[in-house]
>>> print(open('coords.tsv').read())   # TSV, C-alpha atoms
chain	number	residue	atom	x	y	z
A	1	MET	CA	-1.37	6.46	40.29
A	2	ALA	CA	-2.43	10.07	40.68
A	3	LYS	CA	-0.30	10.97	37.69
A	4	ASN	CA	-1.92	8.24	35.62
A	5	ASP	CA	-5.37	9.40	36.62
A	6	ASP	CA	-4.49	12.95	35.63
A	7	LEU	CA	-3.24	11.75	32.27
A	8	ALA	CA	-6.39	9.70	31.76
A	9	GLN	CA	-8.52	12.78	32.44
A	10	ILE	CA	-6.42	14.86	30.06
A	11	ILE	CA	-6.83	12.24	27.36
A	12	VAL	CA	-10.60	12.21	27.87
A	13	GLY	CA	-10.53	16.01	27.51
A	14	CYS	CA	-8.50	15.68	24.30
A	15	LYS	CA	-11.03	13.27	22.90
A	16	THR	CA	-13.76	15.83	23.40
A	17	GLY	CA	-11.67	18.35	21.46
A	18	ASP	CA	-10.55	20.45	24.42
A	19	SER	CA	-7.58	22.50	23.24
A	20	LYS	CA	-6.44	23.10	26.83
A	21	CYS	CA	-6.01	19.36	27.33
A	22	PHE	CA	-3.99	19.15	24.15
A	23	ALA	CA	-1.87	22.02	25.42
A	24	GLN	CA	-1.18	19.99	28.56
A	25	ILE	CA	-0.10	17.02	26.45
A	26	VAL	CA	2.27	19.33	24.59
A	27	ASP	CA	3.74	20.57	27.86
A	28	MET	CA	4.16	17.03	29.17
A	29	TYR	CA	5.76	15.41	26.13
A	30	SER	CA	7.26	18.10	23.88
A	31	SER	CA	10.71	17.87	25.49
A	32	ARG	CA	11.05	14.10	25.10
A	33	CYS	CA	9.57	14.05	21.62
A	34	TYR	CA	11.79	16.91	20.51
A	35	GLY	CA	14.86	15.12	21.89
A	36	TYR	CA	13.81	11.99	20.00
A	37	PHE	CA	13.46	13.86	16.71
A	38	TYR	CA	16.60	15.88	17.23
A	39	ARG	CA	18.78	12.88	18.00
A	40	LEU	CA	17.46	11.14	14.90
A	41	THR	CA	17.79	14.02	12.47
A	42	GLY	CA	20.53	16.13	14.05
A	43	ASN	CA	18.73	19.16	12.71
A	44	LYS	CA	16.79	21.72	14.75
A	45	ASP	CA	14.66	23.02	11.88
A	46	VAL	CA	13.58	19.53	10.90
A	47	SER	CA	12.92	18.64	14.54
A	48	ASP	CA	10.74	21.75	14.89
A	49	ASP	CA	8.69	20.68	11.88
A	50	LEU	CA	8.36	17.09	13.01
A	51	LEU	CA	7.32	18.11	16.51
A	52	SER	CA	4.63	20.44	15.13
A	53	GLU	CA	3.41	17.73	12.80
A	54	LEU	CA	3.25	15.24	15.66
A	55	PHE	CA	1.07	17.31	17.94
A	56	VAL	CA	-1.22	18.57	15.19
A	57	LYS	CA	-1.64	14.99	14.03
A	58	LEU	CA	-2.62	14.01	17.56
A	59	THR	CA	-5.74	16.13	17.19
A	60	GLU	CA	-6.82	13.87	14.32
A	61	LYS	CA	-5.57	10.61	15.80
A	62	MET	CA	-6.59	10.92	19.42
A	63	GLY	CA	-9.81	9.07	18.69
A	64	THR	CA	-7.78	5.99	17.71
A	65	TYR	CA	-6.14	5.74	21.15
A	66	LYS	CA	-8.01	2.91	22.84
A	67	GLY	CA	-6.18	2.74	26.15
A	68	GLY	CA	-2.95	1.05	27.19
A	69	SER	CA	0.39	2.81	27.30
A	70	PHE	CA	-0.11	6.38	26.11
A	71	GLU	CA	3.63	6.83	25.68
A	72	GLY	CA	3.68	3.71	23.52
A	73	TRP	CA	0.90	5.08	21.35
A	74	LEU	CA	2.43	8.58	21.21
A	75	PHE	CA	5.88	7.34	20.19
A	76	ARG	CA	4.36	5.02	17.62
A	77	VAL	CA	2.84	8.10	15.97
A	78	ALA	CA	6.18	9.92	16.37
A	79	SER	CA	8.04	6.99	14.82
A	80	ASN	CA	5.63	6.92	11.86
A	81	ILE	CA	6.14	10.63	11.33
A	82	PHE	CA	9.91	10.16	11.39
A	83	HIS	CA	9.67	7.34	8.84
A	84	ASP	CA	7.43	9.45	6.61
A	85	TYR	CA	10.11	12.12	6.79
A	86	LEU	CA	12.77	9.57	5.86
A	87	ARG	CA	10.70	8.36	2.92
A	88	GLY	CA	10.25	11.95	1.76
A	89	LYS	CA	13.99	12.40	1.95
A	90	HIS	CA	14.45	9.18	0.08
A	91	ARG	CA	12.20	10.31	-2.76
A	92	TRP	CA	13.97	13.62	-2.92
A	93	THR	CA	17.32	11.90	-2.98
A	94	LYS	CA	16.12	9.65	-5.79
A	95	LEU	CA	15.05	12.66	-7.75
A	96	LEU	CA	18.51	14.02	-7.41
A	97	ASP	CA	19.95	10.68	-8.57
A	98	ALA	CA	21.95	10.42	-5.40
A	99	ARG	CA	23.17	7.08	-4.25
A	100	LYS	CA	21.34	5.22	-1.53
A	101	THR	CA	24.19	5.50	0.89
A	102	GLN	CA	24.15	9.21	0.44
A	103	LEU	CA	20.61	9.27	1.82
A	104	GLU	CA	21.65	7.93	5.16
A	105	LEU	CA	24.45	10.45	5.43
A	106	GLU	CA	22.12	13.25	4.42
A	107	THR	CA	19.40	12.30	6.87
A	108	THR	CA	21.58	11.46	9.79
A	109	GLU	CA	24.58	13.74	9.44
A	110	PRO	CA	24.22	16.76	11.70
A	111	ARG	CA	23.92	20.08	9.99
A	112	TRP	CA	26.96	22.12	10.95
A	113	SER	CA	24.92	25.28	10.69
A	114	ASP	CA	23.63	24.17	14.09
A	115	ALA	CA	27.21	24.12	15.29
A	116	GLU	CA	26.54	25.49	18.78
A	117	GLY	CA	24.11	22.69	19.46
A	118	ILE	CA	26.18	19.81	18.16
A	119	ASP	CA	27.81	17.65	20.81
A	120	LYS	CA	30.15	14.74	20.41
A	121	LEU	CA	27.34	12.29	21.03
A	122	GLN	CA	25.33	13.66	18.11
A	123	VAL	CA	28.34	13.37	15.83
A	124	GLN	CA	28.86	9.74	16.77
A	125	LEU	CA	25.14	8.96	16.57
A	126	ALA	CA	25.24	10.08	12.95
A	127	ARG	CA	27.59	7.17	12.27
A	128	LEU	CA	25.04	4.60	13.35
A	129	ASP	CA	22.54	3.31	10.85
A	130	ALA	CA	19.11	4.94	11.08
A	131	ASP	CA	17.35	1.83	12.35
A	132	THR	CA	19.72	1.18	15.24
A	133	LYS	CA	19.81	4.81	16.17
A	134	GLU	CA	16.02	4.98	16.25
A	135	LEU	CA	15.89	1.93	18.48
A	136	ILE	CA	18.25	3.46	21.04
A	137	MET	CA	16.47	6.81	20.96
A	138	LEU	CA	13.09	5.17	21.28
A	139	ARG	CA	14.31	3.38	24.38
A	140	PHE	CA	15.76	6.48	25.95
A	141	TYR	CA	13.10	9.07	25.12
A	142	SER	CA	9.90	7.03	25.15
A	143	GLN	CA	10.85	5.20	28.36
A	144	LEU	CA	9.00	2.19	27.05
A	145	SER	CA	9.85	-1.39	27.87
A	146	PHE	CA	11.64	-3.48	25.24
A	147	LYS	CA	8.48	-5.49	24.77
A	148	GLU	CA	6.55	-2.32	23.93
A	149	ILE	CA	9.33	-1.11	21.65
A	150	ALA	CA	9.34	-4.43	19.79
A	151	GLU	CA	5.58	-4.06	19.32
A	152	ILE	CA	5.97	-0.55	17.92
A	153	ARG	CA	8.65	-1.81	15.54
A	154	SER	CA	6.53	-4.85	14.62
A	155	GLU	CA	9.39	-7.27	15.19
A	156	PRO	CA	10.16	-10.06	17.69
A	157	ILE	CA	11.70	-8.88	20.94
A	158	GLY	CA	14.75	-11.07	20.29
A	159	THR	CA	15.43	-9.13	17.08
A	160	THR	CA	15.05	-5.83	18.93
A	161	LEU	CA	17.49	-6.89	21.65
A	162	SER	CA	19.97	-8.24	19.15
A	163	LYS	CA	19.97	-4.94	17.24
A	164	LEU	CA	20.22	-3.05	20.51
A	165	HIS	CA	23.21	-5.12	21.58
A	166	ARG	CA	25.13	-4.35	18.36
A	167	GLY	CA	24.08	-0.68	18.41
A	168	LEU	CA	25.12	-0.04	22.01
A	169	LYS	CA	28.44	-1.75	21.48
A	170	ARG	CA	29.13	0.29	18.36
A	171	LEU	CA	28.14	3.57	20.03
A	172	ARG	CA	30.39	2.85	23.01
A	173	GLU	CA	33.30	2.14	20.68
A	174	LEU	CA	32.67	5.37	18.80
A	175	MET	CA	32.47	7.42	21.99
A	176	GLU	CA	35.71	6.03	23.44
B	1	MET	CA	2.14	3.55	32.34
B	2	ASN	CA	5.89	3.56	32.51
B	3	GLY	CA	6.95	0.26	31.01
B	4	GLN	CA	10.64	0.50	31.90
B	5	ASN	CA	9.95	0.47	35.63
B	6	GLN	CA	8.22	-2.84	35.37
B	7	GLU	CA	10.81	-4.82	33.45
B	8	ASN	CA	13.65	-6.81	34.89
B	9	LEU	CA	16.42	-6.22	32.36
B	10	LYS	CA	18.83	-8.81	33.75
B	11	GLU	CA	16.19	-11.49	33.54
B	12	LEU	CA	15.08	-10.35	30.09
B	13	PHE	CA	18.60	-10.27	28.62
B	14	GLU	CA	19.42	-13.67	30.08
B	15	GLN	CA	16.49	-15.10	28.12
B	16	PHE	CA	18.09	-14.05	24.85
B	17	PHE	CA	21.85	-13.93	25.53
B	18	PRO	CA	24.37	-16.13	27.34
B	19	PRO	CA	24.92	-14.90	30.95
B	20	ASP	CA	28.24	-13.10	30.29
B	21	GLN	CA	26.85	-11.42	27.16
B	22	ALA	CA	23.65	-10.45	28.98
B	23	ALA	CA	25.74	-8.70	31.62
B	24	SER	CA	27.71	-6.91	28.88
B	25	VAL	CA	24.50	-5.68	27.17
B	26	LEU	CA	23.16	-4.44	30.49
B	27	ASN	CA	26.38	-2.58	31.14
B	28	ASP	CA	26.40	-1.05	27.63
B	29	LEU	CA	22.83	0.10	28.11
B	30	GLN	CA	23.65	1.83	31.37
B	31	VAL	CA	26.73	3.52	29.90
B	32	VAL	CA	24.83	4.81	26.85
B	33	ARG	CA	21.97	6.01	29.06
B	34	LYS	CA	24.50	7.93	31.12
B	35	MET	CA	26.02	9.42	27.99
B	36	LEU	CA	22.60	10.57	26.79
B	37	ARG	CA	21.85	12.16	30.14
B	38	GLU	CA	25.19	13.93	30.21
B	39	ASN	CA	24.62	15.19	26.66
B	40	PRO	CA	20.99	16.28	26.67
B	41	ALA	CA	19.35	17.16	23.38
B	42	PRO	CA	18.27	20.79	23.02
B	43	GLU	CA	14.85	21.74	24.31
B	44	PRO	CA	12.16	23.02	21.94
B	45	GLU	CA	11.98	26.79	21.92
B	46	ARG	CA	9.09	28.58	23.65
B	47	GLN	CA	7.99	30.17	20.40
B	48	LEU	CA	7.75	26.74	18.83
B	49	ILE	CA	5.59	25.43	21.67
B	50	ALA	CA	3.35	28.48	21.43
B	51	ALA	CA	3.05	28.02	17.68
B	52	ILE	CA	2.17	24.35	18.13
B	53	LYS	CA	-0.56	25.19	20.62
B	54	TYR	CA	-1.94	27.78	18.22
B	55	ASP	CA	-1.89	25.22	15.37
B	56	ILE	CA	-3.71	22.72	17.56
B	57	GLY	CA	-6.43	25.30	18.24
B	58	GLN	CA	-6.77	25.90	14.51
B	59	ALA	CA	-6.82	22.19	13.76
B	60	LEU	CA	-9.54	21.58	16.33
B	61	ALA	CA	-11.65	24.39	14.90
B	62	ALA	CA	-11.13	23.30	11.29
B	63	PRO	CA	-12.83	19.89	11.36
B	64	LYS	CA	-16.16	21.47	12.41
B	65	ARG	CA	-16.14	23.69	9.35
B	66	VAL	CA	-15.18	20.76	7.17
B	67	TRP	CA	-17.89	18.64	8.75
B	68	THR	CA	-20.52	21.32	8.15
B	69	PHE	CA	-19.45	21.75	4.54
B	70	ARG	CA	-19.31	18.02	3.95
B	71	THR	CA	-22.72	17.48	5.51
B	72	LEU	CA	-24.20	20.24	3.38
B	73	ALA	CA	-22.55	18.83	0.26
B	74	TYR	CA	-23.87	15.34	1.00
B	75	ARG	CA	-27.39	16.63	1.65
B	76	VAL	CA	-27.42	18.63	-1.59
B	77	ALA	CA	-26.11	15.63	-3.53
B	78	VAL	CA	-28.75	13.30	-2.07
B	79	ALA	CA	-31.55	15.80	-2.73
B	80	ALA	CA	-30.38	16.27	-6.32
B	81	ALA	CA	-30.25	12.51	-6.85
B	82	ILE	CA	-33.81	12.09	-5.51
B	83	ILE	CA	-35.13	14.88	-7.76
B	84	ILE	CA	-33.46	13.38	-10.84
B	85	VAL	CA	-34.77	9.89	-10.11
B	86	ALA	CA	-38.28	11.25	-9.46
B	87	ALA	CA	-38.25	13.26	-12.69
B	88	ILE	CA	-37.15	10.27	-14.76
B	89	GLY	CA	-39.73	8.05	-13.05
B	90	THR	CA	-42.53	10.50	-13.71
B	91	GLN	CA	-41.63	10.76	-17.39
B	92	PHE	CA	-41.52	7.00	-17.65
B	93	LEU	CA	-44.89	6.52	-15.98
B	94	LYS	CA	-46.52	9.19	-18.11
B	95	LYS	CA	-45.45	7.65	-21.39
B	96	GLY	CA	-45.38	4.05	-20.33
B	97	PRO	CA	-43.60	1.47	-22.43
B	98	GLU	CA	-44.27	1.90	-26.15
B	99	LYS	CA	-46.70	-0.72	-27.50
B	100	PRO	CA	-46.40	-1.96	-31.09
B	101	SER	CA	-49.29	-0.57	-33.16
B	102	GLN	CA	-49.48	-3.50	-35.58
B	103	ILE	CA	-47.83	-6.87	-35.59
B	104	LYS	CA	-46.26	-7.78	-38.92
B	105	TYR	CA	-45.31	-11.30	-39.76
B	106	ALA	CA	-42.70	-12.26	-42.34
B	107	SER	CA	-41.60	-15.58	-43.65
B	108	ILE	CA	-37.96	-16.59	-43.72
B	109	ILE	CA	-38.66	-18.93	-46.65
B	110	PRO	CA	-38.90	-17.25	-50.11
B	111	ARG	CA	-42.45	-16.84	-51.22
B	112	ALA	CA	-41.58	-18.33	-54.69
B	113	ILE	CA	-41.01	-21.71	-53.09
B	114	TRP	CA	-44.56	-21.85	-51.90
B	115	ASP	CA	-45.94	-20.67	-55.27
B	116	SER	CA	-43.91	-23.05	-57.43
B	117	ASN	CA	-44.45	-26.77	-57.94
B	118	ASP	CA	-40.77	-27.34	-58.63
B	119	ILE	CA	-38.70	-26.17	-55.68
B	120	THR	CA	-35.33	-26.62	-57.45
B	121	VAL	CA	-36.42	-24.26	-60.21
B	122	ALA	CA	-37.68	-21.69	-57.74
B	123	ASP	CA	-34.55	-21.50	-55.67
B	124	ALA	CA	-31.08	-21.46	-57.26
B	125	ASP	CA	-29.25	-22.78	-54.18
B	126	LEU	CA	-31.64	-25.63	-53.90
B	127	ALA	CA	-31.12	-26.39	-57.61
B	128	VAL	CA	-27.34	-26.63	-57.14
B	129	LEU	CA	-27.76	-28.78	-54.08
B	130	THR	CA	-30.20	-31.06	-55.88
B	131	ALA	CA	-27.76	-31.45	-58.81
B	132	GLU	CA	-24.95	-32.43	-56.44
B	133	VAL	CA	-27.16	-34.95	-54.69
B	134	GLN	CA	-28.14	-36.41	-58.06
B	135	GLN	CA	-24.45	-36.73	-59.08
B	136	ILE	CA	-23.63	-38.54	-55.85
B	137	GLU	CA	-26.56	-40.87	-56.36
B	138	ASP	CA	-25.33	-41.69	-59.89
B	139	GLU	CA	-21.84	-42.45	-58.63
B	140	VAL	CA	-23.19	-44.68	-55.91
B	141	GLN	CA	-25.29	-46.56	-58.44
B	142	ALA	CA	-22.27	-46.98	-60.74
B	143	LEU	CA	-20.22	-48.40	-57.88
B	144	GLN	CA	-23.00	-50.77	-56.94
B	145	SER	CA	-23.32	-52.05	-60.51
B	146	GLY	CA	-19.53	-52.61	-60.87
B	147	GLU	CA	-19.12	-50.04	-63.67
B	148	LYS	CA	-16.12	-48.53	-62.00
B	149	ARG	CA	-14.24	-51.84	-61.91
B	150	ARG	CA	-14.80	-52.38	-65.59
B	151	ASN	CA	-13.59	-48.89	-66.39
B	152	GLY	CA	-10.47	-49.64	-64.42
B	153	GLU	CA	-9.86	-52.78	-66.43
B	154	GLY	CA	-10.42	-50.81	-69.68
B	155	LEU	CA	-7.72	-48.37	-68.67
B	156	ILE	CA	-5.24	-51.17	-68.03
B	157	VAL	CA	-5.91	-52.62	-71.51
B	158	GLU	CA	-5.35	-49.19	-73.03
B	159	VAL	CA	-2.01	-48.80	-71.23
B	160	GLU	CA	-0.87	-52.27	-72.32
B	161	THR	CA	-1.72	-51.49	-75.96
B	162	GLU	CA	0.24	-48.25	-75.76
B	163	LEU	CA	3.24	-50.06	-74.27
B	164	ILE	CA	3.23	-52.62	-77.10
B	165	GLU	CA	3.13	-49.82	-79.66
B	166	ILE	CA	6.02	-48.00	-77.94
B	167	ALA	CA	8.08	-51.23	-77.87
B	168	GLY	CA	7.45	-51.85	-81.62
B	169	ASP	CA	8.48	-48.29	-82.51
B	170	PHE	CA	11.67	-48.73	-80.44
B	171	TRP	CA	12.93	-51.87	-82.35
B	172	LYS	CA	12.01	-50.31	-85.65
B	173	GLY	CA	14.23	-47.36	-84.80
>>> encode(input="coords.tsv", output="structure tokens")
Amino acid sequence: MAKNDDLAQIIVGCKTGDSKCFAQIVDMYSSRCYGYFYRLTGNKDVSDDLLSELFVKLTEKMGTYKGGSFEGWLFRVASNIFHDYLRGKHRWTKLLDARKTQLELETTEPRWSDAEGIDKLQVQLARLDADTKELIMLRFYSQLSFKEIAEIRSEPIGTTLSKLHRGLKRLRELME
Amino acid sequence: MNGQNQENLKELFEQFFPPDQAASVLNDLQVVRKMLRENPAPEPERQLIAAIKYDIGQALAAPKRVWTFRTLAYRVAVAAAIIIVAAIGTQFLKKGPEKPSQIKYASIIPRAIWDSNDITVADADLAVLTAEVQQIEDEVQALQSGEKRRNGEGLIVEVETELIEIAGDFWKG
């Protein structure tokens, strides 16, 4: 409970525009949010940009947080940022007259320039479709319940679990 | 705050999957979680975190400037609008609505009609109309008196006479 109270005080500080409170939020969540972005994009540079965008956006959006799970709210913003990034990629891909399937490869395939950071898991994650991959990463990094995740994704919990079931099975097969 | 601690996964999965499948999903979830822990994603670099904190400071400072500028812009716009409206209103009140100096009346009926005793002579359209009315009246009178029927009979007599003449010419060669 003490941790929750601390977080509540930090959030109040953020709402008054206290940069030190925002800095504390960054310290608390940057690792998990970065992992979320990195596992989805497989690219450090892109993850850097998305993480910066997320926390700067929090300064504008903090007023819209009306209580409840802060992690749920934070990862909803993170998920929206990721989808905006995907849409931007999509538009760019369209401009280049690339095929739709190429988009997914482009956005999910790890950049081999980051070779030292690429592990087997990242390689296999790139073979999952973006939606399933995001669901698994959201579960792992946000530490939200499936009910909360379904709410973020605006879909019934049964749909979320069904997608999760297929995604986990596929990832296990790929890793074996 | 932490939602995962409060959920009973076995119970949740059994609501949506058959028991054996629910157990399989639970097992897959634990295996993948283990894989993710064993293969942690890279951490954000210190420089990045420092840059983010700097950007946050800038972002928090920026809205105040924007707010001040916006407020000033709004105030100037409102003041300008009030001045313009007041100026227009003053001009309007000074002049007031223009009153007609003299009322002129005009007739839509030609003056000649009023001067003349014979309207049909005075107005050409009326003359034509009167002539047409007169013609219709004549025809109606003719119909009433049976003139038309007699004319019709006269035509038949004429046609019969012509036919007799044609027949005589034919036999004569």
>>> closest_atom_pairs(input="coords.tsv", of="chain B", to="chain A", cutoff="7 Å", atoms="only C-alpha atoms", output="Markdown table")
| residue | atom | partner | partner_atom | distance |
| --- | --- | --- | --- | --- |
| B:Met1 | CA | A:Ser69 | CA | 5.4 |
| B:Asn2 | CA | A:Leu144 | CA | 6.4 |
| B:Gly3 | CA | A:Ser145 | CA | 4.6 |
| B:Gln4 | CA | A:Ser145 | CA | 4.5 |
| B:Glu7 | CA | A:Ser145 | CA | 6.6 |
| B:Phe16 | CA | A:Gly158 | CA | 6.4 |
| B:Val25 | CA | A:His165 | CA | 5.8 |
| B:Asp28 | CA | A:Leu168 | CA | 5.9 |
| B:Leu29 | CA | A:Leu168 | CA | 6.5 |
| B:Val32 | CA | A:Leu168 | CA | 6.9 |
| B:Arg33 | CA | A:Phe140 | CA | 7.0 |
| B:Asn39 | CA | A:Leu121 | CA | 6.9 |
| B:Ala41 | CA | A:Gly35 | CA | 5.2 |
| B:Pro42 | CA | A:Gly35 | CA | 6.7 |
| B:Glu43 | CA | A:Ser31 | CA | 5.8 |
| B:Pro44 | CA | A:Tyr34 | CA | 6.3 |
| B:Ile52 | CA | A:Ser52 | CA | 5.5 |
| B:Lys53 | CA | A:Ala23 | CA | 5.9 |
| B:Asp55 | CA | A:Val56 | CA | 6.7 |
| B:Ile56 | CA | A:Val56 | CA | 5.4 |
| B:Gly57 | CA | A:Ser19 | CA | 5.8 |
| B:Ala59 | CA | A:Val56 | CA | 6.8 |
| B:Leu60 | CA | A:Gly17 | CA | 6.4 |
>>> atom_distance(input="coords.tsv", atom1="atom CA of Glu11 of chain B", atom2="atom CA of Ala23 of chain B")
10.1 Å
>>> atom_distance(input="coords.tsv", atom1="atom CA of Glu14 of chain B", atom2="atom CA of Leu26 of chain B")
10.0 Å
>>> atom_distance(input="coords.tsv", atom1="atom CA of Pro40 of chain B", atom2="atom CA of Met62 of chain A")
29.0 Å
